[in-house]
file start-v2.cif (mmCIF, C-alpha atoms)
data_entry
#
loop_
_atom_site.label_atom_id
_atom_site.label_comp_id
_atom_site.auth_asym_id
_atom_site.auth_seq_id
_atom_site.Cartn_x
_atom_site.Cartn_y
_atom_site.Cartn_z
CA MET A 1 38.04 -25.30 42.32
CA LEU A 2 37.37 -26.85 38.93
CA ASP A 3 34.89 -29.25 40.50
CA ARG A 4 32.97 -26.34 42.00
CA ILE A 5 32.83 -24.54 38.66
CA ALA A 6 31.69 -27.72 36.92
CA GLY A 7 29.07 -28.29 39.62
CA PHE A 8 27.81 -24.73 39.21
CA PHE A 9 27.38 -25.15 35.46
CA ARG A 10 25.64 -28.52 35.98
CA LEU A 11 23.22 -26.81 38.35
CA ILE A 12 22.57 -24.06 35.80
CA GLY A 13 22.03 -26.68 33.09
CA GLN A 14 19.59 -28.58 35.28
CA MET A 15 17.62 -25.41 36.02
CA ILE A 16 17.48 -24.48 32.32
CA GLY A 17 16.39 -28.00 31.42
CA ARG A 18 13.69 -27.94 34.10
CA TRP A 19 12.30 -24.63 32.91
CA ALA A 20 12.46 -25.81 29.29
CA ARG A 21 10.43 -28.91 30.19
CA LEU A 22 7.89 -26.82 32.08
CA PHE A 23 7.56 -24.45 29.14
CA ALA A 24 7.15 -27.32 26.67
CA ALA A 25 4.51 -28.91 28.91
CA TRP A 26 2.64 -25.60 29.09
CA ALA A 27 2.92 -24.93 25.35
CA PHE A 28 1.90 -28.40 24.16
CA TRP A 29 -0.67 -29.23 26.83
CA PRO A 30 -3.63 -27.86 24.81
CA PHE A 31 -2.62 -29.99 21.81
CA LEU A 32 -2.14 -33.11 23.93
CA ALA A 33 -5.48 -32.52 25.64
CA ALA A 34 -7.18 -32.00 22.28
CA HIS A 35 -5.57 -35.20 20.95
CA GLY A 36 -6.83 -37.17 23.94
CA TRP A 37 -10.33 -35.73 23.52
CA TYR A 38 -10.25 -36.48 19.78
CA GLN A 39 -9.21 -40.12 20.32
CA ARG A 40 -12.26 -40.70 22.54
CA ARG A 41 -14.78 -39.32 20.02
CA SER A 42 -16.75 -41.20 17.37
CA TRP A 43 -16.26 -40.63 13.64
CA MET A 44 -19.44 -38.54 13.59
CA ILE A 45 -17.50 -35.95 15.58
CA ARG A 46 -14.03 -36.65 14.18
CA LEU A 47 -14.98 -35.95 10.56
CA PRO A 48 -16.25 -32.37 11.17
CA VAL A 49 -13.12 -31.70 13.27
CA ILE A 50 -10.90 -32.95 10.43
CA ALA A 51 -12.81 -30.77 7.94
CA PHE A 52 -12.45 -27.71 10.19
CA VAL A 53 -8.69 -28.25 10.68
CA ALA A 54 -8.23 -28.81 6.92
CA LEU A 55 -10.13 -25.60 6.16
CA PHE A 56 -8.01 -23.76 8.72
CA VAL A 57 -4.78 -25.04 7.13
CA VAL A 58 -5.95 -24.10 3.61
CA LEU A 59 -7.02 -20.62 4.68
CA TYR A 60 -3.71 -19.93 6.40
CA GLY A 61 -1.80 -21.35 3.44
CA TYR A 62 -3.68 -18.99 1.10
CA PHE A 63 -3.19 -16.11 3.54
CA PHE A 64 0.54 -16.77 3.81
CA TRP A 65 0.94 -16.98 0.02
CA GLN A 66 -1.00 -13.78 -0.65
CA THR A 67 0.99 -11.80 1.91
CA GLN A 68 4.34 -12.98 0.53
CA ALA A 69 3.71 -13.02 -3.25
CA TRP A 70 3.73 -9.49 -4.71
CA THR A 71 2.26 -10.16 -8.14
CA ASN A 72 3.37 -7.72 -10.89
CA PHE A 73 5.27 -5.53 -8.44
CA ASN A 74 7.51 -3.36 -10.62
CA PRO A 75 8.73 0.13 -9.61
CA ALA A 76 9.43 0.83 -13.30
CA PHE A 77 5.94 -0.11 -14.51
CA VAL A 78 5.41 3.50 -15.67
CA ASP A 79 7.60 2.76 -18.69
CA GLN A 80 4.87 0.60 -20.23
CA TYR A 81 2.69 3.68 -20.86
CA ARG A 82 5.26 5.30 -23.18
CA LEU A 83 4.23 8.70 -21.88
CA SER A 84 7.12 10.45 -23.62
CA GLU A 85 5.49 9.61 -26.97
CA ARG A 86 2.37 11.63 -26.17
CA LYS A 87 2.29 14.91 -28.05
CA VAL A 88 -1.16 16.15 -26.99
CA ALA A 89 -2.30 17.15 -23.47
CA ALA A 90 -5.19 15.32 -21.81
CA GLY A 91 -8.63 16.32 -23.09
CA GLN A 92 -7.29 18.04 -26.21
CA ASP A 93 -8.33 17.08 -29.74
CA LEU A 94 -6.12 14.45 -31.35
CA PRO A 95 -5.02 15.18 -34.92
CA LEU A 96 -6.53 12.99 -37.63
CA ALA A 97 -4.30 10.20 -38.85
CA GLU A 98 -2.89 10.63 -42.33
CA GLY A 99 -5.45 9.52 -44.89
CA ALA A 100 -8.29 9.38 -42.33
CA ASP A 101 -11.82 10.40 -43.31
CA ALA A 102 -12.30 14.09 -42.51
CA THR A 103 -15.91 13.41 -41.53
CA ALA A 104 -14.94 10.84 -38.85
CA PRO A 105 -15.90 11.74 -35.28
CA LYS A 106 -13.18 13.65 -33.48
CA THR A 107 -11.27 12.03 -30.65
CA CYS A 108 -9.52 13.51 -27.64
CA GLN A 109 -6.48 12.50 -25.59
CA ARG A 110 -7.16 10.21 -22.64
CA SER A 111 -5.92 11.18 -19.21
CA ALA A 112 -2.77 9.33 -18.19
CA ILE A 113 -3.48 10.25 -14.55
CA VAL A 114 -6.84 8.47 -14.68
CA ASP A 115 -5.34 5.45 -16.45
CA VAL A 116 -2.61 5.16 -13.83
CA ALA A 117 -5.06 5.59 -10.92
CA ALA A 118 -7.26 2.81 -12.32
CA ASP A 119 -4.29 0.52 -12.96
CA LEU A 120 -2.83 1.06 -9.48
CA THR A 121 -6.16 0.11 -7.93
CA ASP A 122 -6.41 -2.89 -10.26
CA PHE A 123 -2.93 -3.92 -9.09
CA ASN A 124 -4.12 -3.71 -5.46
CA VAL A 125 -7.39 -5.65 -5.67
CA ASN A 126 -7.38 -7.74 -8.87
CA GLN A 127 -3.77 -8.68 -9.57
CA ASN A 128 -3.24 -9.15 -5.81
CA ALA A 129 -5.57 -9.92 -2.92
CA TRP A 130 -6.45 -6.91 -0.78
CA ILE A 131 -4.76 -7.98 2.45
CA SER A 132 -6.12 -5.44 4.95
CA SER A 133 -9.70 -6.75 4.87
CA MET A 134 -8.94 -10.48 4.64
CA VAL A 135 -10.62 -12.46 7.42
CA LEU A 136 -7.39 -13.89 8.82
CA TYR A 137 -5.66 -10.50 8.66
CA LYS A 138 -8.43 -8.97 10.73
CA ALA A 139 -8.37 -11.94 13.12
CA GLY A 140 -4.76 -11.09 13.97
CA PHE A 141 -2.14 -13.18 15.71
CA PHE A 142 -3.80 -14.61 18.84
CA GLY A 143 -5.79 -11.40 19.12
CA ILE A 144 -2.85 -9.09 18.34
CA ASP A 145 -3.26 -6.90 15.27
CA TRP A 146 -0.88 -8.06 12.51
CA ASP A 147 0.26 -4.44 12.18
CA HIS A 148 1.70 -4.76 15.70
CA THR A 149 3.76 -7.83 14.82
CA PRO A 150 6.78 -8.31 12.52
CA PHE A 151 4.78 -10.76 10.37
CA PHE A 152 2.49 -10.63 7.34
CA ASP A 153 1.89 -6.85 7.32
CA ASN A 154 4.42 -5.51 4.80
CA LYS A 155 2.29 -6.05 1.71
CA ALA A 156 -0.83 -4.71 3.45
CA SER A 157 1.01 -1.52 4.42
CA PHE A 158 2.39 -1.14 0.89
CA GLN A 159 -1.11 -1.51 -0.58
CA ARG A 160 -2.50 1.10 1.79
CA GLY A 161 0.27 3.49 0.75
CA VAL A 162 -0.59 3.02 -2.94
CA ASN A 163 -4.26 3.47 -2.11
CA GLN A 164 -3.50 6.71 -0.26
CA ALA A 165 -1.92 8.16 -3.40
CA VAL A 166 -4.90 7.11 -5.54
CA ARG A 167 -7.39 8.50 -3.01
CA ARG A 168 -5.70 11.89 -2.96
CA THR A 169 -5.65 11.91 -6.76
CA SER A 170 -9.35 11.01 -7.00
CA VAL A 171 -10.24 14.01 -4.84
CA GLU A 172 -8.33 16.38 -7.13
CA LEU A 173 -9.88 14.79 -10.22
CA VAL A 174 -13.36 15.52 -8.89
CA ASP A 175 -12.72 18.99 -7.49
CA THR A 176 -10.50 20.54 -10.16
CA LEU A 177 -9.11 18.41 -12.97
CA GLY A 178 -12.33 16.80 -14.22
CA ARG A 179 -14.36 19.99 -14.52
CA VAL A 180 -14.06 23.64 -15.45
CA ARG A 181 -14.38 25.34 -12.09
CA GLY A 182 -17.35 27.64 -11.76
CA THR A 183 -18.83 26.77 -15.16
CA SER A 184 -19.38 22.99 -15.13
CA GLY A 185 -20.79 20.39 -12.81
CA ILE A 186 -18.93 17.56 -11.13
CA ASN A 187 -18.38 14.54 -13.35
CA SER A 188 -20.58 11.73 -12.03
CA ASP A 189 -18.11 8.93 -12.88
CA LEU A 190 -15.25 10.65 -11.06
CA GLN A 191 -17.54 11.39 -8.12
CA ARG A 192 -18.52 7.71 -7.84
CA ALA A 193 -14.86 6.69 -8.08
CA ARG A 194 -13.89 9.09 -5.29
CA GLY A 195 -16.69 7.85 -3.03
CA ASN A 196 -15.76 4.20 -3.53
CA LEU A 197 -12.04 4.82 -3.01
CA GLN A 198 -12.74 6.55 0.31
CA PHE A 199 -14.25 3.35 1.70
CA ASP A 200 -12.42 2.14 4.81
CA GLU A 201 -9.59 -0.15 3.68
CA TYR A 202 -9.65 -2.10 6.97
CA SER A 203 -13.34 -3.02 6.82
CA TRP A 204 -14.28 -6.57 6.11
CA TYR A 205 -17.99 -6.28 5.39
CA PHE A 206 -20.38 -3.34 5.42
CA GLY A 207 -24.13 -3.16 5.62
CA LEU A 208 -26.95 -1.43 7.45
CA ASN A 209 -28.59 -4.77 8.16
CA PRO A 210 -26.21 -6.89 10.26
CA PHE A 211 -27.99 -10.07 9.08
CA GLY A 212 -28.38 -9.06 5.44
CA PRO A 213 -26.07 -9.42 2.44
CA LYS A 214 -22.73 -7.67 2.65
CA THR A 215 -20.29 -6.27 0.11
CA PRO A 216 -16.55 -6.90 0.63
CA THR A 217 -14.30 -3.83 0.67
CA PRO A 218 -12.37 -4.68 -2.54
CA SER A 219 -15.67 -4.59 -4.46
CA TYR A 220 -15.90 -0.85 -3.78
CA TYR A 221 -12.43 -0.36 -5.24
CA ARG A 222 -13.32 -2.48 -8.28
CA SER A 223 -16.34 -0.24 -8.84
CA ALA A 224 -13.98 2.76 -8.69
CA ILE A 225 -11.84 1.18 -11.42
CA ASP A 226 -14.90 0.87 -13.67
CA SER A 227 -15.87 4.50 -13.01
CA LEU A 228 -12.38 5.81 -13.76
CA ARG A 229 -12.20 3.88 -17.01
CA LYS A 230 -15.70 5.03 -17.97
CA PHE A 231 -14.55 8.64 -17.51
CA ASN A 232 -11.53 8.09 -19.74
CA THR A 233 -13.69 6.45 -22.42
CA ASP A 234 -15.93 9.53 -22.39
CA LEU A 235 -12.89 11.79 -22.44
CA ALA A 236 -11.49 9.97 -25.48
CA ALA A 237 -14.84 10.55 -27.19
CA CYS A 238 -14.63 14.26 -26.25
CA ASN A 239 -17.70 13.86 -24.01
CA ALA A 240 -15.91 14.75 -20.76
CA ILE A 241 -13.59 17.50 -19.53
CA PHE A 242 -10.00 17.51 -18.34
CA ASP A 243 -9.04 21.02 -17.31
CA GLY A 244 -5.26 21.15 -17.81
CA ARG A 245 -4.69 24.72 -16.65
CA ALA A 246 -1.52 25.75 -14.83
CA ASP A 247 -3.38 26.74 -11.65
CA ASN A 248 -4.93 23.25 -11.48
CA LEU A 249 -1.47 21.72 -11.78
CA VAL A 250 -0.25 24.02 -9.00
CA GLN A 251 -2.98 22.79 -6.68
CA PHE A 252 -2.44 19.15 -7.64
CA VAL A 253 1.31 19.28 -6.99
CA ASP A 254 0.71 21.17 -3.75
CA ARG A 255 -1.68 18.48 -2.45
CA ILE A 256 0.81 15.73 -3.25
CA ALA A 257 3.63 17.63 -1.53
CA ASN A 258 1.47 18.10 1.59
CA ASP A 259 0.54 14.42 1.63
CA LEU A 260 4.19 13.39 1.44
CA GLY A 261 5.02 15.92 4.15
CA SER A 262 2.59 14.15 6.50
CA THR A 263 4.24 10.81 5.75
CA SER A 264 7.69 12.29 6.38
CA ASP A 265 6.49 13.53 9.77
CA MET A 266 5.13 10.06 10.59
CA LEU A 267 8.49 8.48 9.76
CA ALA A 268 10.39 11.09 11.76
CA GLU A 269 8.23 10.54 14.85
CA ARG A 270 8.76 6.79 14.72
CA SER A 271 12.47 7.10 14.00
CA GLU A 272 13.11 9.54 16.86
CA ASN A 273 10.94 8.01 19.59
CA HIS A 274 11.03 4.26 18.93
CA ASN A 275 14.52 3.56 17.55
CA ARG A 276 14.88 -0.03 18.78
CA GLY A 277 16.58 -1.31 15.65
CA TRP A 278 15.30 -4.66 14.42
CA PHE A 279 13.08 -4.95 17.52
CA ASP A 280 10.68 -2.16 16.52
CA THR A 281 7.72 -4.19 15.24
CA ARG A 282 5.94 -1.13 13.79
CA ALA A 283 8.88 0.12 11.71
CA ASP A 284 8.15 -2.20 8.79
CA ASP A 285 4.55 -1.08 8.27
CA ARG A 286 5.61 2.61 8.43
CA PHE A 287 8.37 1.98 5.89
CA TRP A 288 6.21 0.03 3.43
CA PHE A 289 3.33 2.47 3.67
CA ALA A 290 5.73 5.27 2.68
CA TYR A 291 7.19 3.07 -0.06
CA GLY A 292 3.72 2.32 -1.46
CA GLN A 293 2.82 5.99 -1.41
CA LEU A 294 5.97 6.85 -3.38
CA TYR A 295 5.27 3.95 -5.76
CA GLY A 296 1.83 5.43 -6.49
CA TYR A 297 2.87 9.07 -6.69
CA TYR A 298 5.81 8.24 -8.95
CA ALA A 299 3.41 6.87 -11.57
CA ILE A 300 0.87 9.65 -11.03
CA MET A 301 3.46 12.43 -11.37
CA ALA A 302 4.87 10.81 -14.53
CA ALA A 303 1.31 10.75 -15.88
CA ALA A 304 0.74 14.37 -14.84
CA GLN A 305 3.70 15.49 -16.93
CA ALA A 306 1.99 13.95 -19.99
CA ASP A 307 -1.48 15.30 -19.13
CA PHE A 308 -0.12 18.80 -18.55
CA SER A 309 2.46 18.61 -21.36
CA GLN A 310 1.45 22.01 -22.75
CA VAL A 311 1.89 23.71 -19.37
CA ALA A 312 5.19 21.89 -18.77
CA GLN A 313 6.53 23.10 -22.11
CA GLU A 314 5.35 26.67 -21.65
CA ARG A 315 6.94 26.91 -18.17
CA ASN A 316 10.09 25.00 -19.19
CA LEU A 317 9.58 22.35 -16.49
CA GLY A 318 11.31 19.49 -18.32
CA ALA A 319 14.59 19.56 -16.37
CA ILE A 320 13.11 19.94 -12.89
CA TRP A 321 10.39 17.36 -13.61
CA GLY A 322 13.05 14.93 -14.80
CA GLY A 323 14.97 15.54 -11.56
CA THR A 324 11.84 14.79 -9.55
CA MET A 325 11.36 11.49 -11.37
CA ARG A 326 14.97 10.52 -10.61
CA GLN A 327 14.38 11.23 -6.91
CA PHE A 328 11.35 8.94 -6.97
CA GLN A 329 13.39 6.24 -8.69
CA ALA A 330 16.20 6.53 -6.14
CA ALA A 331 13.73 6.13 -3.26
CA LEU A 332 12.09 3.08 -4.87
CA ARG A 333 15.44 1.32 -5.16
CA ILE A 334 15.51 0.97 -1.34
CA GLN A 335 14.07 -2.52 -0.70
CA PRO A 336 15.65 -3.98 2.47
CA ALA A 337 14.75 -7.56 3.40
CA VAL A 338 14.33 -6.63 7.08
CA ILE A 339 13.37 -3.13 8.23
CA SER A 340 15.47 -1.69 11.04
CA ASN A 341 14.66 1.45 12.99
CA GLY A 342 18.06 2.08 14.56
CA ARG A 343 19.61 5.28 15.79
CA GLU A 344 20.76 7.64 13.07
CA ASP A 345 24.29 7.57 14.53
CA GLY A 346 24.23 3.82 15.17
CA TRP A 347 26.75 1.50 13.52
CA ILE A 348 25.16 -1.95 13.99
CA MET A 349 21.46 -1.50 13.24
CA PRO A 350 20.65 0.75 10.23
CA SER A 351 17.95 3.40 10.25
CA HIS A 352 15.76 2.57 7.26
CA LEU A 353 12.99 4.94 8.40
CA ALA A 354 15.38 7.89 8.50
CA THR A 355 16.68 6.94 5.04
CA MET A 356 13.19 6.73 3.57
CA GLY A 357 12.25 10.01 5.26
CA PHE A 358 15.29 11.65 3.68
CA TYR A 359 14.26 10.56 0.19
CA ILE A 360 10.67 11.66 0.74
CA LEU A 361 11.89 15.12 1.73
CA ARG A 362 14.04 15.27 -1.43
CA VAL A 363 11.01 14.40 -3.57
CA ARG A 364 8.88 16.92 -1.71
CA SER A 365 11.54 19.60 -2.18
CA ASN A 366 11.42 19.07 -5.95
CA LEU A 367 7.62 19.23 -5.92
CA VAL A 368 7.75 22.53 -4.05
CA GLU A 369 10.20 23.83 -6.66
CA ILE A 370 7.82 22.81 -9.47
CA ARG A 371 5.04 24.63 -7.68
CA SER A 372 7.15 27.77 -7.26
CA VAL A 373 7.98 27.82 -10.99
CA LEU A 374 4.30 27.48 -11.87
CA ASP A 375 3.42 30.28 -9.45
CA ARG A 376 5.70 32.82 -11.12
#

call {"tool": "encode", "arguments": {"input": "start-v2.cif", "output": "structure tokens"}}
result
Amino acid sequence: MLDRIAGFFRLIGQMIGRWARLFAAWAFWPFLAAHGWYQRRSWMIRLPVIAFVALFVVLYGYFFWQTQAWTNFNPAFVDQYRLSERKVAAGQDLPLAEGADATAPKTCQRSAIVDVAADLTDFNVNQNAWISSMVLYKAGFFGIDWDHTPFFDNKASFQRGVNQAVRRTSVELVDTLGRVRGTSGINSDLQRARGNLQFDEYSWYFGLNPFGPKTPTPSYYRSAIDSLRKFNTDLAACNAIFDGRADNLVQFVDRIANDLGSTSDMLAERSENHNRGWFDTRADDRFWFAYGQLYGYYAIMAAAQADFSQVAQERNLGAIWGGTMRQFQAALRIQPAVISNGREDGWIMPSHLATMGFYILRVRSNLVEIRSVLDR
């Protein structure tokens, strides 16, 4: 009996070994064939091949480093602005310093929202490489989009989430915050920034002439940074407008709440219909997109409290705004090493998407409460 069992396991081992050898032969055959072809070539052909392989290795090394190194990533980076020290709302005249010349040109308060929007974009494309339009990211993994694999897509999704928050903000800056509605024109710098930020984040190159010079996607975002900072320079010189009325704040908060509501719905759909735990290869890009969006909106909402400080004081919004900031902070503390999309009642594989969706709904609930107070 024992001999039969041992014989059975030997047979199984032989079959596994045979299939392993066949798989290895199939997997390494292209490399062995290439090596044989290379050995038969002259150095006139070998040298270009070596250069191409070296370039390929360098490009993938750079690509790997840029996707894994999150330069200056800091969920608490808002603290560096010292927004609590601001005593004047955006666009309002700043008081003269003690002993200053009374004939000196007047200055106005810069917009913290615009500063944050410019800095978030600078973080995406200058302090870090913009992953989504890199050549190797677009090439994919043997033809498979990186977003459909568990590899190299977390930072790209995070960047797109941050960019989504900045895009939404740029629209509101153009339509309401950067002008007096009905009595002033659209600010040209804000309009240029909005147009450049709307450029497709996945595009590699763009041009009407397929054979002519092209402009990489991050260049459009860098132009938006310049336009945003130009607006704030003009605002500081009292040559631009920031309309900090309560109804503008209502609309701004409402747009952010709606945007987060869409993201919550996206997370819920993925969590309910594709809960395969660690084997859901799209869970990570959904999670990090939502995380990036919260990262951006946390800074923008902190800036909005400073820009609309007069409205916040008049409506007694300090406590509820502080609660909203704490909800953002709680959500940004969730940084799992591996994203799992398990069942909500599962006990082995966690449900990170459901957890993130829960925090987004808490943030959105606070935003709706701020809006309701402003509406009274």

call {"tool": "resolve_selection", "arguments": {"input": "start-v2.cif", "expression": "the PyMOL selection byres ((chain A and resi 243-260) around 7)", "output": "VMD selection string"}}
result
chain A and resid 172 176 to 180 241 to 242 261 to 264 308 311 360 364 367 to 368 371 374

call {"tool": "closest_atom_pairs", "arguments": {"input": "start-v2.cif", "of": "stretch 259-339 of chain A", "to": "stretch 65-82 of chain A", "cutoff": "9 Å", "atoms": "all atoms listed in the file", "output": "JSON lines"}}
result
{"residue": "A:Tyr295", "atom": "CA", "partner": "A:Pro75", "partner_atom": "CA", "distance": 6.4}
{"residue": "A:Tyr298", "atom": "CA", "partner": "A:Val78", "partner_atom": "CA", "distance": 8.2}
{"residue": "A:Ala299", "atom": "CA", "partner": "A:Val78", "partner_atom": "CA", "distance": 5.7}
{"residue": "A:Ile300", "atom": "CA", "partner": "A:Val78", "partner_atom": "CA", "distance": 8.9}
{"residue": "A:Ala302", "atom": "CA", "partner": "A:Val78", "partner_atom": "CA", "distance": 7.4}
{"residue": "A:Ala303", "atom": "CA", "partner": "A:Val78", "partner_atom": "CA", "distance": 8.3}
{"residue": "A:Gln329", "atom": "CA", "partner": "A:Pro75", "partner_atom": "CA", "distance": 7.7}
{"residue": "A:Leu332", "atom": "CA", "partner": "A:Pro75", "partner_atom": "CA", "distance": 6.5}
{"residue": "A:Arg333", "atom": "CA", "partner": "A:Pro75", "partner_atom": "CA", "distance": 8.1}

call {"tool": "atom_distance", "arguments": {"input": "start-v2.cif", "atom1": "atom CA of A:Glu201", "atom2": "atom CA of A:Ala156"}}
result
9.9 Å

call {"tool": "axis_aligned_box", "arguments": {"input": "start-v2.cif", "around": "stretch 304-319 of chain A", "padding_each_side": "3 Å", "output": "lines of an AutoDock Vina configuration file"}}
result
center_x = 6.6
center_y = 20.4
center_z = -18.8
size_x = 22.1
size_y = 19.0
size_z = 13.9

call {"tool": "resolve_selection", "arguments": {"input": "start-v2.cif", "expression": "the PyMOL selection byres ((chain A and resi 191) around 9)", "output": "MDAnalysis selection string"}}
result
chainID A and resid 170:171 173:174 186:190 192:196 227

call {"tool": "residues_around", "arguments": {"input": "start-v2.cif", "residues": "A:Ser111", "least_positions_apart": "3", "cutoff": "9 Å", "atoms": "all atoms listed in the file", "output": "ChimeraX atom specification"}}
result
/A:89-91,114-116,232,235-236,242,303-304,306-307

call {"tool": "residues_around", "arguments": {"input": "start-v2.cif", "residues": "A:Trp278", "least_positions_apart": "3", "cutoff": "9 Å", "atoms": "only C-alpha atoms", "output": "list in words"}}
result
Asn275, Thr281, Ala283, Val338, Ile339, Ser340, Asn341, Gly342, Met349 and Pro350 of chain A

call {"tool": "write_last_selection", "arguments": {"input": "start-v2.cif", "atoms": "C-alpha atoms", "output": "short mmCIF file (atom, residue, chain, number, x, y, z; two decimals), in the frame of the given file"}}
result
data_model
loop_
_atom_site.label_atom_id
_atom_site.label_comp_id
_atom_site.auth_asym_id
_atom_site.auth_seq_id
_atom_site.Cartn_x
_atom_site.Cartn_y
_atom_site.Cartn_z
CA ASN A 275 14.52 3.56 17.55
CA THR A 281 7.72 -4.19 15.24
CA ALA A 283 8.88 0.12 11.71
CA VAL A 338 14.33 -6.63 7.08
CA ILE A 339 13.37 -3.13 8.23
CA SER A 340 15.47 -1.69 11.04
CA ASN A 341 14.66 1.45 12.99
CA GLY A 342 18.06 2.08 14.56
CA MET A 349 21.46 -1.50 13.24
CA PRO A 350 20.65 0.75 10.23
#

call {"tool": "closest_residue", "arguments": {"input": "start-v2.cif", "among": "A:Ala118, A:Leu228, A:Ala312, A:Ile12", "to": "A:Val88", "atoms": "all atoms listed in the file"}}
result
A:Ala312

call {"tool": "resolve_selection", "arguments": {"input": "start-v2.cif", "expression": "the PyMOL selection byres ((chain A and resi 124) around 12)", "output": "MDAnalysis selection string"}}
result
chainID A and resid 66 70:73 117:123 125:132 155:164 166 197 201 217:219 221:222 225 292 296

call {"tool": "atom_distance", "arguments": {"input": "start-v2.cif", "atom1": "atom CA of A:Asn316", "atom2": "atom CA of A:Arg168"}}
result
26.2 Å

call {"tool": "atom_distance", "arguments": {"input": "start-v2.cif", "atom1": "atom CA of A:Asp280", "atom2": "atom CA of A:Leu267"}}
result
12.8 Å

call {"tool": "closest_residue", "arguments": {"input": "start-v2.cif", "among": "A:Leu294, A:Ala337, A:Leu353, A:Ala331", "to": "A:Met266", "atoms": "all atoms listed in the file"}}
result
A:Leu353

call {"tool": "closest_residue", "arguments": {"input": "start-v2.cif", "among": "A:Pro336, A:Pro216, A:Gly323, A:Gly357", "to": "A:Arg270", "atoms": "all atoms listed in the file"}}
result
A:Gly357

call {"tool": "closest_residue", "arguments": {"input": "start-v2.cif", "among": "A:Ala330, A:Ala268, A:Ala51, A:Ala290", "to": "A:Arg362", "atoms": "only C-alpha atoms"}}
result
A:Ala330

call {"tool": "closest_residue", "arguments": {"input": "start-v2.cif", "among": "A:Gly322, A:Tyr297, A:Ser84, A:Tyr137", "to": "A:Tyr202", "atoms": "all atoms listed in the file"}}
result
A:Tyr137

call {"tool": "build_atoms", "arguments": {"input": "start-v2.cif", "residues": "stretch 254-265 of chain A", "atoms": "N, CA and C atoms", "output": "PDB file, in the frame of the given file"}}
result
ATOM      1  N   ASP A 254       0.708  20.724  -5.142  1.00  0.00           N
ATOM      2  CA  ASP A 254       0.710  21.170  -3.750  1.00  0.00           C
ATOM      3  C   ASP A 254       0.091  20.123  -2.828  1.00  0.00           C
ATOM      4  N   ARG A 255      -1.014  19.508  -3.263  1.00  0.00           N
ATOM      5  CA  ARG A 255      -1.680  18.480  -2.450  1.00  0.00           C
ATOM      6  C   ARG A 255      -0.785  17.257  -2.285  1.00  0.00           C
ATOM      7  N   ILE A 256      -0.095  16.879  -3.345  1.00  0.00           N
ATOM      8  CA  ILE A 256       0.810  15.730  -3.250  1.00  0.00           C
ATOM      9  C   ILE A 256       1.971  16.046  -2.301  1.00  0.00           C
ATOM     10  N   ALA A 257       2.527  17.235  -2.408  1.00  0.00           N
ATOM     11  CA  ALA A 257       3.630  17.630  -1.530  1.00  0.00           C
ATOM     12  C   ALA A 257       3.194  17.617  -0.067  1.00  0.00           C
ATOM     13  N   ASN A 258       1.986  18.109   0.210  1.00  0.00           N
ATOM     14  CA  ASN A 258       1.470  18.100   1.590  1.00  0.00           C
ATOM     15  C   ASN A 258       1.271  16.679   2.097  1.00  0.00           C
ATOM     16  N   ASP A 259       0.765  15.807   1.234  1.00  0.00           N
ATOM     17  CA  ASP A 259       0.540  14.420   1.630  1.00  0.00           C
ATOM     18  C   ASP A 259       1.866  13.737   1.973  1.00  0.00           C
ATOM     19  N   LEU A 260       2.883  13.957   1.159  1.00  0.00           N
ATOM     20  CA  LEU A 260       4.190  13.390   1.440  1.00  0.00           C
ATOM     21  C   LEU A 260       4.818  14.007   2.686  1.00  0.00           C
ATOM     22  N   GLY A 261       4.529  15.278   2.930  1.00  0.00           N
ATOM     23  CA  GLY A 261       5.020  15.920   4.150  1.00  0.00           C
ATOM     24  C   GLY A 261       4.467  15.255   5.392  1.00  0.00           C
ATOM     25  N   SER A 262       3.184  14.860   5.356  1.00  0.00           N
ATOM     26  CA  SER A 262       2.590  14.150   6.500  1.00  0.00           C
ATOM     27  C   SER A 262       3.262  12.803   6.719  1.00  0.00           C
ATOM     28  N   THR A 263       3.564  12.109   5.630  1.00  0.00           N
ATOM     29  CA  THR A 263       4.240  10.810   5.750  1.00  0.00           C
ATOM     30  C   THR A 263       5.647  10.984   6.300  1.00  0.00           C
ATOM     31  N   SER A 264       6.349  12.020   5.859  1.00  0.00           N
ATOM     32  CA  SER A 264       7.690  12.290   6.380  1.00  0.00           C
ATOM     33  C   SER A 264       7.640  12.543   7.879  1.00  0.00           C
ATOM     34  N   ASP A 265       6.641  13.266   8.332  1.00  0.00           N
ATOM     35  CA  ASP A 265       6.490  13.530   9.770  1.00  0.00           C
ATOM     36  C   ASP A 265       6.221  12.237  10.534  1.00  0.00           C
TER      37      ASP A 265
END
